[in-house]
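Colleague: One structure is given below, represented as structure tokens, and several questions about it will come after.
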Amino acid sequence: MSAPASTVDTAPALTLHRRPTKPPARPLLPTLILLLGAVYCLLPVAWVVVASSKSSRDLFDTFTFAPGDALFGNISDLTGYSNGVYWKWMANTALYAGGGALLSAALSGLTGYTLAKFRFPGRTAMFNILLAGVLVPGVTLAIPQYLLLAKMGLTNTYLSVLLPSIISPYGIYLARIYAAAAVPDTLIEAARTDGAGELRIFGMIAVPVMLPGLVTVFLFQFVAIWNNFLLPFIMLSDDQKFPLTVGLYTMLNRGNTVPALYTLTITGALLSIIPLVALFLTLQRYWRIDIVAGAVKA
């Protein structure tokens, strides 16, 4: 007898069909809040751009966002105002903000690196005092700084604005946090083993690693000094030493008797924004480099 034929399972294979998943819907409320915040922040800037392009008559007769054709004429009038004092104010502001921010970034980097990488008595207390300094508004320090510099005979000088701008508790705090996270202790120990001094280690090893953090400190301090009004208003009496904030304020006050100065003040405010925007666009590449480096390390 022949063996029975083997049975073969001929049941069809089951296939699972997955339904296409829809991408998650973006929440509408946070997007609307961000858009409203952007409009709230950019609307005054848009008005300054439009208003600076109008003549004095058009500025006061009609209130529209339609741009005018008097921008270059306003810039020419602003240049001719008081023998070109506006550009003197611009140069003074660049000196105060650039010099003060550069010295502040250097001092903050050195101080923050020292607090992060060295152990010495009183280190914690010093850092806590710096944190307390972050909470103190700069307005409350303006009068004591004026009295101190008046005793030294430095009021109405460039140093009276530069010196108080060098020390930034917030910049030191940022530099300390960044140095603790970005500068490896093993790298410092290896440099010490090779015989490198502490200043050389800071300049050749720590500074390149801390560069994105130092750029952030520089930019924050630059913007703070550029927009500072109270300190130079108290310290300076010579209009040839005024920064833009105090100079435009004096122009605005004279606008009560000369209405044409209102248009020049708005045009000057527009021109004062351009260096800040250019600086931000120039320095943001350091943040992109830091993000890429962090991704590579991860």
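The chains in the structure tokens are called A, B, ... from first to last as shown; in each chain the residues are counted from 1, and the ligands are counted from 1 in the order shown.
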Within 12 Å of range 80-83 of chain A, which residues of range 170-250 of chain A come that close, and what is the closest atom pair and distance in Å for each? Count only C-alpha atoms and give it as a Markdown table.
Modeller:
| residue | atom | partner | partner_atom | distance |
| --- | --- | --- | --- | --- |
| A:Asp239 | CA | A:Ser82 | CA | 10.7 |
| A:Gln240 | CA | A:Ser82 | CA | 10.7 |
| A:Gly247 | CA | A:Ser82 | CA | 11.4 |
| A:Leu248 | CA | A:Tyr81 | CA | 11.8 |
Colleague: Among the residues of range 12-217 of chain A, find those DSSP assigns to alpha helix (DSSP H) from the backbone and print them as a PyMOL selection string.
Modeller: chain A and resi 28-51+56-61+71-80+85-117+123-134+139-151+159-166+169-182+185-193+198-201+207-217
Colleague: Rounded to one decimal in Å, what is the spacing between CA of Ala97 in chain A and CA of Val223 in chain A?
Modeller: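 So the answer is 7.4 Å.
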Colleague: Just want the 12 Å neighbourhood of Met251 in chain A, counted on only C-alpha atoms, with same-chain residues fewer than 4 positions away dropped. Output as an MDAnalysis selection string.
Modeller: chainID A and resid 78 81:82 85:86 89 239 242 244:247 255:269
Colleague: Since we have the selection now, will you write its residues out, keeping N, CA and C atoms, as a PDB file, in the first residue's frame?
Modeller:
ATOM      1  N   LEU A  78      19.313 115.302   9.179  1.00  0.00           N
ATOM      2  CA  LEU A  78      19.881 114.828  10.444  1.00  0.00           C
ATOM      3  C   LEU A  78      21.398 114.971  10.450  1.00  0.00           C
ATOM      4  N   TYR A  81      22.296 118.546  11.131  1.00  0.00           N
ATOM      5  CA  TYR A  81      21.855 119.109  12.411  1.00  0.00           C
ATOM      6  C   TYR A  81      23.044 119.370  13.333  1.00  0.00           C
ATOM      7  N   SER A  82      23.198 120.590  13.769  1.00  0.00           N
ATOM      8  CA  SER A  82      24.232 120.995  14.732  1.00  0.00           C
ATOM      9  C   SER A  82      25.618 120.497  14.318  1.00  0.00           C
ATOM     10  N   VAL A  85      26.344 116.557  14.702  1.00  0.00           N
ATOM     11  CA  VAL A  85      26.559 116.023  16.043  1.00  0.00           C
ATOM     12  C   VAL A  85      25.962 114.629  16.198  1.00  0.00           C
ATOM     13  N   TYR A  86      24.962 114.290  15.366  1.00  0.00           N
ATOM     14  CA  TYR A  86      24.363 112.957  15.486  1.00  0.00           C
ATOM     15  C   TYR A  86      25.402 111.865  15.260  1.00  0.00           C
ATOM     16  N   TRP A  89      27.491 111.409  18.177  1.00  0.00           N
ATOM     17  CA  TRP A  89      26.810 110.573  19.172  1.00  0.00           C
ATOM     18  C   TRP A  89      26.900 109.098  18.790  1.00  0.00           C
ATOM     19  N   ASP A 239      27.563 117.853  25.372  1.00  0.00           N
ATOM     20  CA  ASP A 239      26.820 117.140  24.336  1.00  0.00           C
ATOM     21  C   ASP A 239      27.732 116.478  23.312  1.00  0.00           C
ATOM     22  N   PHE A 242      27.873 112.826  24.449  1.00  0.00           N
ATOM     23  CA  PHE A 242      26.621 112.108  24.617  1.00  0.00           C
ATOM     24  C   PHE A 242      26.588 110.846  23.762  1.00  0.00           C
ATOM     25  N   LEU A 244      23.847 108.033  21.850  1.00  0.00           N
ATOM     26  CA  LEU A 244      22.635 108.264  21.066  1.00  0.00           C
ATOM     27  C   LEU A 244      21.399 108.435  21.940  1.00  0.00           C
ATOM     28  N   THR A 245      21.300 107.663  23.005  1.00  0.00           N
ATOM     29  CA  THR A 245      20.099 107.732  23.832  1.00  0.00           C
ATOM     30  C   THR A 245      19.910 109.124  24.421  1.00  0.00           C
ATOM     31  N   VAL A 246      20.970 109.691  24.986  1.00  0.00           N
ATOM     32  CA  VAL A 246      20.873 111.023  25.587  1.00  0.00           C
ATOM     33  C   VAL A 246      20.756 112.093  24.503  1.00  0.00           C
ATOM     34  N   GLY A 247      21.480 111.927  23.400  1.00  0.00           N
ATOM     35  CA  GLY A 247      21.406 112.908  22.327  1.00  0.00           C
ATOM     36  C   GLY A 247      20.016 112.992  21.709  1.00  0.00           C
ATOM     37  N   GLY A 255      12.031 119.486  20.341  1.00  0.00           N
ATOM     38  CA  GLY A 255      10.925 119.394  19.400  1.00  0.00           C
ATOM     39  C   GLY A 255       9.689 120.144  19.846  1.00  0.00           C
ATOM     40  N   ASN A 256       9.611 120.513  21.140  1.00  0.00           N
ATOM     41  CA  ASN A 256       8.472 121.306  21.592  1.00  0.00           C
ATOM     42  C   ASN A 256       8.440 122.680  20.934  1.00  0.00           C
ATOM     43  N   THR A 257       9.615 123.218  20.634  1.00  0.00           N
ATOM     44  CA  THR A 257       9.691 124.530  19.986  1.00  0.00           C
ATOM     45  C   THR A 257       9.958 124.423  18.489  1.00  0.00           C
ATOM     46  N   VAL A 258      10.608 123.312  18.065  1.00  0.00           N
ATOM     47  CA  VAL A 258      10.899 123.101  16.645  1.00  0.00           C
ATOM     48  C   VAL A 258      10.304 121.753  16.256  1.00  0.00           C
ATOM     49  N   PRO A 259       9.056 121.715  15.777  1.00  0.00           N
ATOM     50  CA  PRO A 259       8.405 120.420  15.494  1.00  0.00           C
ATOM     51  C   PRO A 259       9.142 119.582  14.465  1.00  0.00           C
ATOM     52  N   ALA A 260       9.941 120.193  13.589  1.00  0.00           N
ATOM     53  CA  ALA A 260      10.664 119.414  12.582  1.00  0.00           C
ATOM     54  C   ALA A 260      11.658 118.450  13.208  1.00  0.00           C
ATOM     55  N   LEU A 261      12.073 118.725  14.443  1.00  0.00           N
ATOM     56  CA  LEU A 261      13.031 117.836  15.098  1.00  0.00           C
ATOM     57  C   LEU A 261      12.411 116.499  15.472  1.00  0.00           C
ATOM     58  N   TYR A 262      11.094 116.411  15.548  1.00  0.00           N
ATOM     59  CA  TYR A 262      10.462 115.121  15.827  1.00  0.00           C
ATOM     60  C   TYR A 262      10.787 114.120  14.706  1.00  0.00           C
ATOM     61  N   THR A 263      10.703 114.572  13.472  1.00  0.00           N
ATOM     62  CA  THR A 263      11.009 113.691  12.344  1.00  0.00           C
ATOM     63  C   THR A 263      12.474 113.281  12.368  1.00  0.00           C
ATOM     64  N   LEU A 264      13.357 114.222  12.695  1.00  0.00           N
ATOM     65  CA  LEU A 264      14.785 113.890  12.763  1.00  0.00           C
ATOM     66  C   LEU A 264      15.062 112.911  13.910  1.00  0.00           C
ATOM     67  N   THR A 265      14.332 113.057  15.015  1.00  0.00           N
ATOM     68  CA  THR A 265      14.516 112.127  16.136  1.00  0.00           C
ATOM     69  C   THR A 265      14.104 110.712  15.750  1.00  0.00           C
ATOM     70  N   ILE A 266      12.976 110.588  15.037  1.00  0.00           N
ATOM     71  CA  ILE A 266      12.527 109.266  14.597  1.00  0.00           C
ATOM     72  C   ILE A 266      13.516 108.672  13.603  1.00  0.00           C
ATOM     73  N   THR A 267      14.035 109.486  12.696  1.00  0.00           N
ATOM     74  CA  THR A 267      15.032 108.993  11.739  1.00  0.00           C
ATOM     75  C   THR A 267      16.302 108.554  12.459  1.00  0.00           C
ATOM     76  N   GLY A 268      16.710 109.319  13.453  1.00  0.00           N
ATOM     77  CA  GLY A 268      17.879 108.920  14.240  1.00  0.00           C
ATOM     78  C   GLY A 268      17.659 107.628  14.999  1.00  0.00           C
ATOM     79  N   ALA A 269      16.430 107.424  15.509  1.00  0.00           N
ATOM     80  CA  ALA A 269      16.117 106.162  16.190  1.00  0.00           C
ATOM     81  C   ALA A 269      16.200 104.987  15.232  1.00  0.00           C
TER      82      ALA A 269
END
Colleague: Compare A:Leu219, A:Ile201, A:Ala116, A:Leu174 by their minimum atom-to-atom distance to Val134 in chain A, counting only C-alpha atoms, and give me the closest one.
Modeller: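 The shortest atom-to-atom distance to Val134 in chain A comes from A:Leu174.
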Colleague: So which one's closest to Leu95 in chain A, A:Leu131, A:Leu159, A:Leu28, A:Val215? Using only C-alpha atoms, please.
Modeller: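 Closest to Leu95 in chain A, using only C-alpha atoms: A:Leu159.
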Colleague: Grab the CA of Ala142 in chain A to CA of Gly98 in chain A distance for me, in Å with one decimal place.
Modeller: 20.3 Å
Colleague: Can you tell me, as an NGL selection string, what residues are no more than 10 Å from Ala94 in chain A when counting only C-alpha atoms, ignoring any on the same chain fewer than 2 positions away?
Modeller: :A and (88-92 or 96-100 or 222 or 225-226 or 243-244 or 275)
Colleague: Filtering to C-alpha atoms, could you give me those residues as a PDB file, in the first residue's frame?
Modeller:
ATOM      1  CA  LYS A  88      29.422 112.100  16.896  1.00  0.00           C
ATOM      2  CA  TRP A  89      26.810 110.573  19.172  1.00  0.00           C
ATOM      3  CA  MET A  90      26.885 107.410  17.067  1.00  0.00           C
ATOM      4  CA  ALA A  91      30.672 107.182  17.392  1.00  0.00           C
ATOM      5  CA  ASN A  92      30.481 107.786  21.142  1.00  0.00           C
ATOM      6  CA  TYR A  96      30.970 102.995  24.980  1.00  0.00           C
ATOM      7  CA  ALA A  97      29.184  99.829  23.849  1.00  0.00           C
ATOM      8  CA  GLY A  98      32.053  98.221  21.933  1.00  0.00           C
ATOM      9  CA  GLY A  99      34.802  98.974  24.453  1.00  0.00           C
ATOM     10  CA  GLY A 100      32.660  98.276  27.496  1.00  0.00           C
ATOM     11  CA  PHE A 222      26.724  95.560  24.056  1.00  0.00           C
ATOM     12  CA  ILE A 225      25.253  99.689  27.051  1.00  0.00           C
ATOM     13  CA  TRP A 226      23.908 100.781  23.653  1.00  0.00           C
ATOM     14  CA  PRO A 243      25.599 108.650  23.387  1.00  0.00           C
ATOM     15  CA  LEU A 244      22.635 108.264  21.066  1.00  0.00           C
ATOM     16  CA  PRO A 275      24.167  98.501  14.086  1.00  0.00           C
TER      17      PRO A 275
END
Colleague: Env of Ile143 in chain A: 12 Å cut, atoms = only C-alpha atoms, seq-sep filter 5 positions within chain, self excluded. Answer as an MDAnalysis selection string.
Modeller: chainID A and resid 138 148:150 155 164 230:235
Colleague: Would you export the selected residues with C-alpha atoms as an mmCIF file, in the first residue's frame, please?
Modeller:
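The resulting file, selection.cif, is reproduced below:
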data_model
loop_
_atom_site.group_PDB
_atom_site.id
_atom_site.type_symbol
_atom_site.label_atom_id
_atom_site.label_comp_id
_atom_site.auth_asym_id
_atom_site.auth_seq_id
_atom_site.Cartn_x
_atom_site.Cartn_y
_atom_site.Cartn_z
ATOM 1 C CA GLY A 138 21.259 99.076 37.521
ATOM 2 C CA LEU A 148 32.140 107.759 43.601
ATOM 3 C CA LEU A 149 33.381 108.959 40.209
ATOM 4 C CA ALA A 150 32.799 112.594 41.215
ATOM 5 C CA THR A 155 32.531 112.818 35.749
ATOM 6 C CA PRO A 164 30.743 101.128 35.355
ATOM 7 C CA LEU A 230 20.315 106.925 32.903
ATOM 8 C CA LEU A 231 24.045 106.437 33.525
ATOM 9 C CA PRO A 232 25.330 108.723 30.722
ATOM 10 C CA PHE A 233 22.502 111.179 31.413
ATOM 11 C CA ILE A 234 23.778 111.562 34.978
ATOM 12 C CA MET A 235 27.500 111.425 34.227
#
Colleague: In Å, with one decimal, what is the gap from CA of Ile166 in chain A to CA of Phe218 in chain A?
Modeller: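 Computing it gives 10.6 Å between the two atoms.
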Colleague: At a cut-off of 12 Å, using only C-alpha atoms, what residues contact Val207 in chain A? Leave out same-chain residues fewer than 3 positions from it and give the result as a ChimeraX atom specification.
Modeller: /A:105-110,112-113,175,178-179,182-183,199-204,210-215
Colleague: Of the residues A:Ser104, A:Gln284, A:Thr114, A:Ser55, which is the one nearest to Ile177 in chain A, using only C-alpha atoms?
Modeller: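 Under the stated criterion, the closest residue is A:Thr114.
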Colleague: From the list A:Ala224, A:Ala46, A:Ile172, A:Leu270, which residue is nearest Thr111 in chain A when using only C-alpha atoms?
Modeller: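 Checking each of A:Ala224, A:Ala46, A:Ile172, A:Leu270 against Thr111 in chain A, counting only C-alpha atoms, the winner is A:Ile172.
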